[in-house]
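What follows is the content of start-v2.csv, which has CSV, C-alpha atoms:
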```
chain,number,residue,atom,x,y,z
A,3,MET,CA,7.3,7.3,-3.6
A,4,ILE,CA,9.7,4.7,-2.2
A,5,VAL,CA,9.5,1.6,-4.5
A,6,CYS,CA,12.3,-0.6,-3.2
A,7,HIS,CA,12.4,-0.7,0.6
A,8,CYS,CA,15.4,-3.1,0.7
A,9,ARG,CA,17.7,-0.6,-1.1
A,10,VAL,CA,15.5,2.5,-0.5
A,11,VAL,CA,15.0,3.4,-4.2
A,12,SER,CA,12.4,5.9,-5.4
A,13,ASP,CA,10.2,5.7,-8.5
A,14,ARG,CA,12.0,8.8,-9.6
A,15,ASP,CA,15.4,6.9,-9.5
A,16,ILE,CA,13.9,4.2,-11.6
A,17,ARG,CA,12.4,6.6,-14.1
A,18,SER,CA,15.8,8.2,-14.3
A,19,ALA,CA,17.4,4.9,-15.0
A,20,ILE,CA,14.9,4.2,-17.8
A,21,ALA,CA,15.5,7.7,-19.2
A,22,CYS,CA,19.2,6.9,-19.3
A,23,GLY,CA,18.6,3.8,-21.3
A,24,ALA,CA,17.7,0.9,-18.9
A,25,ALA,CA,15.4,-1.1,-21.1
A,26,GLY,CA,14.3,-4.0,-19.0
A,27,VAL,CA,14.1,-5.4,-15.4
A,28,CYS,CA,17.7,-6.6,-15.5
A,29,ALA,CA,19.1,-3.2,-16.6
A,30,VAL,CA,17.1,-1.4,-14.0
A,31,ALA,CA,18.3,-3.9,-11.3
A,32,GLU,CA,21.8,-3.3,-12.4
A,33,THR,CA,21.5,0.5,-12.3
A,34,CYS,CA,19.4,0.9,-9.2
A,35,GLY,CA,20.1,-2.2,-7.2
A,36,VAL,CA,16.4,-3.1,-7.0
A,37,GLY,CA,14.6,-6.4,-7.3
A,38,VAL,CA,17.2,-8.7,-5.9
A,39,ARG,CA,16.1,-9.2,-2.3
A,40,CYS,CA,12.5,-9.4,-1.3
A,41,GLY,CA,11.2,-8.7,-4.8
A,42,GLY,CA,8.3,-6.6,-3.4
A,43,CYS,CA,9.3,-3.8,-5.8
A,44,LEU,CA,9.2,-5.8,-9.0
A,45,PRO,CA,5.5,-5.1,-9.8
A,46,ALA,CA,6.2,-1.4,-9.6
A,47,VAL,CA,9.4,-1.7,-11.6
A,48,ARG,CA,7.4,-3.7,-14.3
A,49,GLU,CA,4.7,-1.0,-14.3
A,50,LEU,CA,7.2,1.8,-14.8
A,51,LEU,CA,8.8,-0.2,-17.7
A,52,SER,CA,5.4,-0.9,-19.2
A,53,GLU,CA,4.6,2.8,-19.1
A,54,HIS,CA,7.5,3.4,-21.4
A,55,GLY,CA,6.6,0.6,-23.7
A,56,LEU,CA,9.5,-1.6,-22.5
A,57,PRO,CA,9.5,-5.3,-21.7
A,58,THR,CA,8.4,-6.3,-18.2
A,59,ASP,CA,10.3,-9.6,-18.0
A,60,GLU,CA,7.6,-11.4,-16.0
A,61,HIS,CA,9.7,-14.5,-15.7
A,62,LEU,CA,12.4,-12.7,-13.6
A,63,THR,CA,12.3,-13.4,-9.9
A,64,PRO,CA,14.8,-11.9,-7.4
A,65,ARG,CA,16.8,-15.2,-7.5
A,66,LEU,CA,17.0,-15.2,-11.3
A,67,LEU,CA,18.0,-11.5,-11.3
A,68,ARG,CA,20.8,-12.1,-8.9
A,69,SER,CA,22.1,-15.0,-11.1
A,70,GLU,CA,21.8,-12.8,-14.2
A,71,LEU,CA,23.6,-9.9,-12.6
A,72,LEU,CA,26.4,-12.1,-11.3
A,73,ALA,CA,26.8,-13.7,-14.7
A,74,ALA,CA,27.0,-10.3,-16.4
A,75,ARG,CA,29.8,-9.3,-14.0
A,76,ALA,CA,31.8,-12.5,-14.1
A,77,PRO,CA,33.5,-12.1,-17.5
A,78,ALA,CA,34.6,-8.6,-16.5
A,79,GLU,CA,36.1,-9.9,-13.3
A,80,GLN,CA,37.9,-12.7,-15.1
A,81,ALA,CA,39.4,-10.1,-17.5
A,82,THR,CA,41.0,-8.2,-14.6
A,83,ALA,CA,42.1,-11.3,-12.7
B,6,MET,CA,-20.9,-22.4,9.4
B,7,GLN,CA,-19.7,-23.1,5.9
B,8,GLY,CA,-19.5,-19.9,3.8
B,9,ASP,CA,-19.7,-19.1,0.1
B,10,ALA,CA,-16.4,-19.7,-1.6
B,11,GLU,CA,-16.4,-16.5,-3.5
B,12,ILE,CA,-17.3,-14.4,-0.5
B,13,GLY,CA,-14.5,-16.2,1.4
B,14,GLU,CA,-12.0,-15.3,-1.3
B,15,PHE,CA,-13.3,-11.7,-1.3
B,16,LEU,CA,-12.9,-11.4,2.5
B,17,ASN,CA,-9.3,-12.6,2.2
B,18,GLU,CA,-8.7,-10.2,-0.7
B,19,HIS,CA,-9.8,-7.3,1.4
B,20,LEU,CA,-7.9,-8.6,4.4
B,21,THR,CA,-4.7,-8.4,2.3
B,22,ALA,CA,-5.5,-4.8,1.5
B,23,GLU,CA,-6.2,-4.0,5.2
B,24,LEU,CA,-2.9,-5.6,6.3
B,25,THR,CA,-1.1,-3.6,3.6
B,26,ALA,CA,-2.8,-0.4,4.8
B,27,ILE,CA,-1.8,-1.1,8.5
B,28,ASN,CA,1.8,-1.2,7.4
B,29,GLN,CA,1.6,1.8,5.1
B,30,TYR,CA,0.0,4.0,7.6
B,31,PHE,CA,2.2,2.9,10.5
B,32,LEU,CA,5.4,3.5,8.6
B,33,ASN,CA,4.0,6.9,7.5
B,34,ALA,CA,3.4,7.7,11.1
B,35,LYS,CA,6.9,6.8,12.2
B,36,MET,CA,8.5,8.8,9.4
B,37,LEU,CA,6.3,11.8,10.2
B,38,GLN,CA,7.3,11.6,13.8
B,39,ASN,CA,10.9,11.5,12.8
B,40,TRP,CA,10.4,14.6,10.7
B,41,GLY,CA,9.1,16.5,13.6
B,42,LEU,CA,5.4,16.5,12.6
B,43,PRO,CA,3.8,14.7,15.6
B,44,GLY,CA,0.3,16.0,15.0
B,45,LEU,CA,0.2,14.5,11.5
B,46,ALA,CA,2.0,11.4,12.7
B,47,LYS,CA,-0.8,10.8,15.2
B,48,GLN,CA,-3.4,10.9,12.4
B,49,PHE,CA,-1.6,8.2,10.5
B,50,ARG,CA,-1.0,6.1,13.6
B,51,ASP,CA,-4.8,6.2,14.4
B,52,LEU,CA,-5.6,5.2,10.8
B,53,SER,CA,-3.2,2.2,11.1
B,54,PHE,CA,-5.1,1.1,14.3
B,55,ASP,CA,-8.5,1.6,12.5
B,56,GLU,CA,-7.3,-0.7,9.7
B,57,MET,CA,-6.1,-3.2,12.3
B,58,ARG,CA,-9.6,-3.3,13.8
B,59,ASP,CA,-11.0,-3.9,10.3
B,60,ALA,CA,-8.5,-6.7,9.8
B,61,GLU,CA,-9.6,-8.3,13.0
B,62,GLU,CA,-13.3,-8.2,12.0
B,63,LEU,CA,-12.5,-9.7,8.6
B,64,MET,CA,-10.5,-12.5,10.2
B,65,ASP,CA,-13.3,-13.2,12.6
B,66,ARG,CA,-15.8,-13.4,9.7
B,67,ILE,CA,-13.5,-15.7,7.7
B,68,LEU,CA,-13.1,-18.0,10.6
B,69,TYR,CA,-16.8,-18.0,11.3
B,70,TYR,CA,-17.2,-19.3,7.7
B,71,GLU,CA,-14.6,-22.0,8.5
B,72,GLY,CA,-12.1,-20.4,6.1
B,73,HIS,CA,-8.5,-19.5,6.8
B,74,PRO,CA,-7.4,-15.9,7.1
B,75,ASN,CA,-4.3,-15.3,5.0
B,76,LEU,CA,-1.9,-13.3,7.1
B,77,GLN,CA,1.1,-14.1,4.9
B,78,ARG,CA,0.1,-12.2,1.8
B,79,LEU,CA,0.7,-8.5,1.5
B,80,ASP,CA,0.4,-6.0,-1.4
B,81,PRO,CA,3.2,-3.6,-2.0
B,82,ILE,CA,3.0,-0.6,0.4
B,83,SER,CA,3.0,2.9,-1.1
B,84,ILE,CA,5.3,5.1,1.0
B,85,GLY,CA,5.4,8.8,0.1
B,86,GLU,CA,8.7,10.6,0.5
B,87,THR,CA,7.0,13.8,1.7
B,88,PRO,CA,4.0,14.5,3.9
B,89,LEU,CA,2.1,15.7,0.9
B,90,GLU,CA,2.8,12.5,-1.0
B,91,MET,CA,1.8,10.4,2.0
B,92,ILE,CA,-1.6,12.2,2.1
B,93,GLN,CA,-2.0,11.7,-1.7
B,94,LEU,CA,-1.1,8.0,-1.5
B,95,GLY,CA,-3.4,7.6,1.5
B,96,LEU,CA,-6.3,9.0,-0.5
B,97,GLU,CA,-5.5,6.6,-3.3
B,98,LEU,CA,-5.5,3.7,-0.9
B,99,GLU,CA,-8.8,4.7,0.5
B,100,LEU,CA,-10.4,5.1,-2.9
B,101,GLU,CA,-9.3,1.7,-3.9
B,102,ALA,CA,-10.7,0.3,-0.6
B,103,ILE,CA,-14.0,2.0,-1.3
B,104,ALA,CA,-14.2,0.5,-4.8
B,105,ARG,CA,-13.3,-2.9,-3.5
B,106,LEU,CA,-15.9,-2.8,-0.7
B,107,LYS,CA,-18.6,-1.7,-3.1
B,108,ARG,CA,-17.8,-4.8,-5.2
B,109,GLY,CA,-18.0,-6.8,-2.0
B,110,VAL,CA,-21.3,-5.4,-0.9
B,111,GLU,CA,-22.7,-6.2,-4.4
B,112,LEU,CA,-21.4,-9.8,-4.2
B,113,THR,CA,-22.9,-10.4,-0.7
B,114,VAL,CA,-26.3,-9.0,-1.9
B,115,ALA,CA,-26.2,-11.3,-4.9
B,116,ARG,CA,-25.6,-14.3,-2.5
B,117,SER,CA,-28.1,-13.0,0.1
B,118,ASP,CA,-25.3,-12.9,2.7
B,119,HIS,CA,-26.7,-9.9,4.6
B,120,GLY,CA,-24.5,-10.4,7.6
B,121,THR,CA,-21.4,-10.0,5.6
B,122,ARG,CA,-23.1,-7.2,3.7
B,123,GLU,CA,-23.7,-5.3,6.9
B,124,LEU,CA,-20.0,-5.8,8.0
B,125,LEU,CA,-18.6,-4.6,4.6
B,126,ALA,CA,-21.1,-1.7,4.4
B,127,GLY,CA,-19.9,-0.5,7.8
B,128,MET,CA,-16.3,-0.7,6.7
B,129,LEU,CA,-17.2,1.2,3.5
B,130,VAL,CA,-18.6,4.1,5.4
B,131,GLU,CA,-15.5,4.3,7.6
B,132,GLU,CA,-13.2,4.2,4.5
B,133,GLU,CA,-15.3,7.0,3.0
B,134,GLU,CA,-14.6,9.1,6.1
B,135,HIS,CA,-10.9,8.4,5.8
B,136,ALA,CA,-11.0,9.5,2.1
B,137,ASP,CA,-13.1,12.6,3.0
B,138,ARG,CA,-10.4,13.6,5.5
B,139,PHE,CA,-7.6,13.2,3.0
B,140,GLU,CA,-9.5,15.1,0.4
B,141,SER,CA,-10.2,18.0,2.8
B,142,GLN,CA,-6.5,18.1,3.7
B,143,LEU,CA,-5.6,18.4,0.0
B,144,GLU,CA,-8.2,21.1,-0.5
B,145,ALA,CA,-6.8,23.1,2.5
B,146,ILE,CA,-3.3,22.7,1.2
B,147,GLY,CA,-4.4,24.0,-2.2
B,148,HIS,CA,-5.8,27.1,-0.5
B,149,ILE,CA,-3.0,27.9,2.0
B,150,GLY,CA,0.0,26.0,0.8
B,151,ILE,CA,1.8,23.0,2.1
B,152,GLU,CA,4.2,24.8,4.4
B,153,ASN,CA,1.4,26.7,6.1
B,154,TYR,CA,-0.6,23.6,6.4
B,155,LEU,CA,2.1,21.5,8.0
B,156,ALA,CA,3.0,24.3,10.4
B,157,ARG,CA,0.1,23.2,12.6
B,158,TYR,CA,1.5,19.7,12.9
B,159,GLY,CA,4.7,20.7,14.6
B,160,PHE,CA,2.9,20.5,17.9
B,161,PRO,CA,1.8,17.1,19.3
B,162,GLU,CA,-1.6,18.2,20.4
B,163,SER,CA,-2.8,19.5,17.0
B,164,THR,CA,-4.5,17.0,14.7
```
Starting from the file, give its structure as structure tokens.
Amino acid sequence: MIVCHCRVVSDRDIRSAIACGAAGVCAVAETCGVGVRCGGCLPAVRELLSEHGLPTDEHLTPRLLRSELLAARAPAEQATA
Amino acid sequence: MQGDAEIGEFLNEHLTAELTAINQYFLNAKMLQNWGLPGLAKQFRDLSFDEMRDAEELMDRILYYEGHPNLQRLDPISIGETPLEMIQLGLELELEAIARLKRGVELTVARSDHGTRELLAGMLVEEEEHADRFESQLEAIGHIGIENYLARYGFPEST
């Protein structure tokens, strides 16, 4: 089933990310690119995380996710600059 | 006429579900069309229009009760990646609608709002018909296999 329509990501892709170690909304967003535009997929992402006993990070909105992902990338970019 | 607040909220809750169903079924139809299954595409397109009619009736009822129909709110749509998954997710959607409408009918009976009860009961019967059709399709697929079942839908006139 397509879960994220903005990036066209399936529930299988998200399960795969979780199986590979993505342990929260931020990690899934980083791996799959979901949750950072309309946010319509976030309930489904949280449910999939919850199924695996992982935190659902209810406080994270698309806007906050974008900031967090940007912040996570920034130190790496500074290192290569 | 002023309506009961809880009934008003229920009508908007079901309206949200109907608007979601409109989109889910319409996208299903377009994807199926693109996949060369016009017969099955027509089924989903017709379902989308059925839900549109339901949405209109709900809006009329909400406005009659001097409420405001919420056209902004949508639930997440469940879009299958294969025709089989679309049928399965369609059945899930209909079963949820049936459960919700039963709850609505019970609420309207409790409030003696028999006009709304009549409206919701009619919708309930229609959703049961939708569910029945999806269930029959899944049964047939179980008997003859998905490829055999989809073969009939390669032609526009078969439904």
Could you list as a short mmCIF file (atom, residue, chain, number, x, y, z; two decimals) with C-alpha atoms, keeping the file's coordinate frame every residue that has an atom within 8 Å of (10.2, 1.5, -17.2), using the file's coordinates and counting all atoms listed in the file?
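Listing of point-v6.cif after writing:
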```
data_model
loop_
_atom_site.label_atom_id
_atom_site.label_comp_id
_atom_site.auth_asym_id
_atom_site.auth_seq_id
_atom_site.Cartn_x
_atom_site.Cartn_y
_atom_site.Cartn_z
CA ILE A 16 13.90 4.20 -11.60
CA ARG A 17 12.40 6.60 -14.10
CA ILE A 20 14.90 4.20 -17.80
CA ALA A 24 17.70 0.90 -18.90
CA ALA A 25 15.40 -1.10 -21.10
CA GLY A 26 14.30 -4.00 -19.00
CA VAL A 47 9.40 -1.70 -11.60
CA ARG A 48 7.40 -3.70 -14.30
CA GLU A 49 4.70 -1.00 -14.30
CA LEU A 50 7.20 1.80 -14.80
CA LEU A 51 8.80 -0.20 -17.70
CA SER A 52 5.40 -0.90 -19.20
CA GLU A 53 4.60 2.80 -19.10
CA HIS A 54 7.50 3.40 -21.40
CA GLY A 55 6.60 0.60 -23.70
CA LEU A 56 9.50 -1.60 -22.50
#
```
So that I can check the surroundings of segment 41-43 of chain A, please list as a list in words every protein, DNA and RNA residue that reaches within 7 Å of it, counting all atoms listed in the file and ignoring chain neighbours fewer than 5 positions away.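 Counting all atoms listed in the file, the residues come to Val5, Cys6 and Pro64 of chain A; Pro81 of chain B.
Put simply, atom CA of Arg157 of chain B is 11.3 Å away from atom CA of Gly41 of chain B.
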Which is closest to chain A among B:Thr113, B:Ser53, B:Gln38, B:Gln29, if we use all atoms listed in the file?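 Ranked by minimum distance to chain A, first place goes to B:Gln29.
Look at everything within 12 Å of (-5.2, -19.4, 5.5) using only C-alpha atoms, and the residues you get are B:Gly13, B:Glu14, B:Leu16, B:Asn17, B:Glu18, B:Leu20, B:Thr21, B:Met64, B:Ile67, B:Leu68, B:Glu71, B:Gly72, B:His73, B:Pro74, B:Asn75, B:Leu76, B:Gln77, B:Arg78.
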Do you have, as a tab-separated table, the list of residues of chain B lying at most 7 Å from chain A, each with its nearest atom pair and that distance in Å to one decimal, counting all atoms listed in the file and ordered by chain then number?
```
residue	atom	partner	partner_atom	distance
B:Pro81	CA	A:Gly42	CA	6.1
B:Ser83	CA	A:Met3	CA	6.6
B:Ile84	CA	A:Ile4	CA	5.5
B:Gly85	CA	A:Met3	CA	4.4
B:Glu86	CA	A:Met3	CA	5.4
```
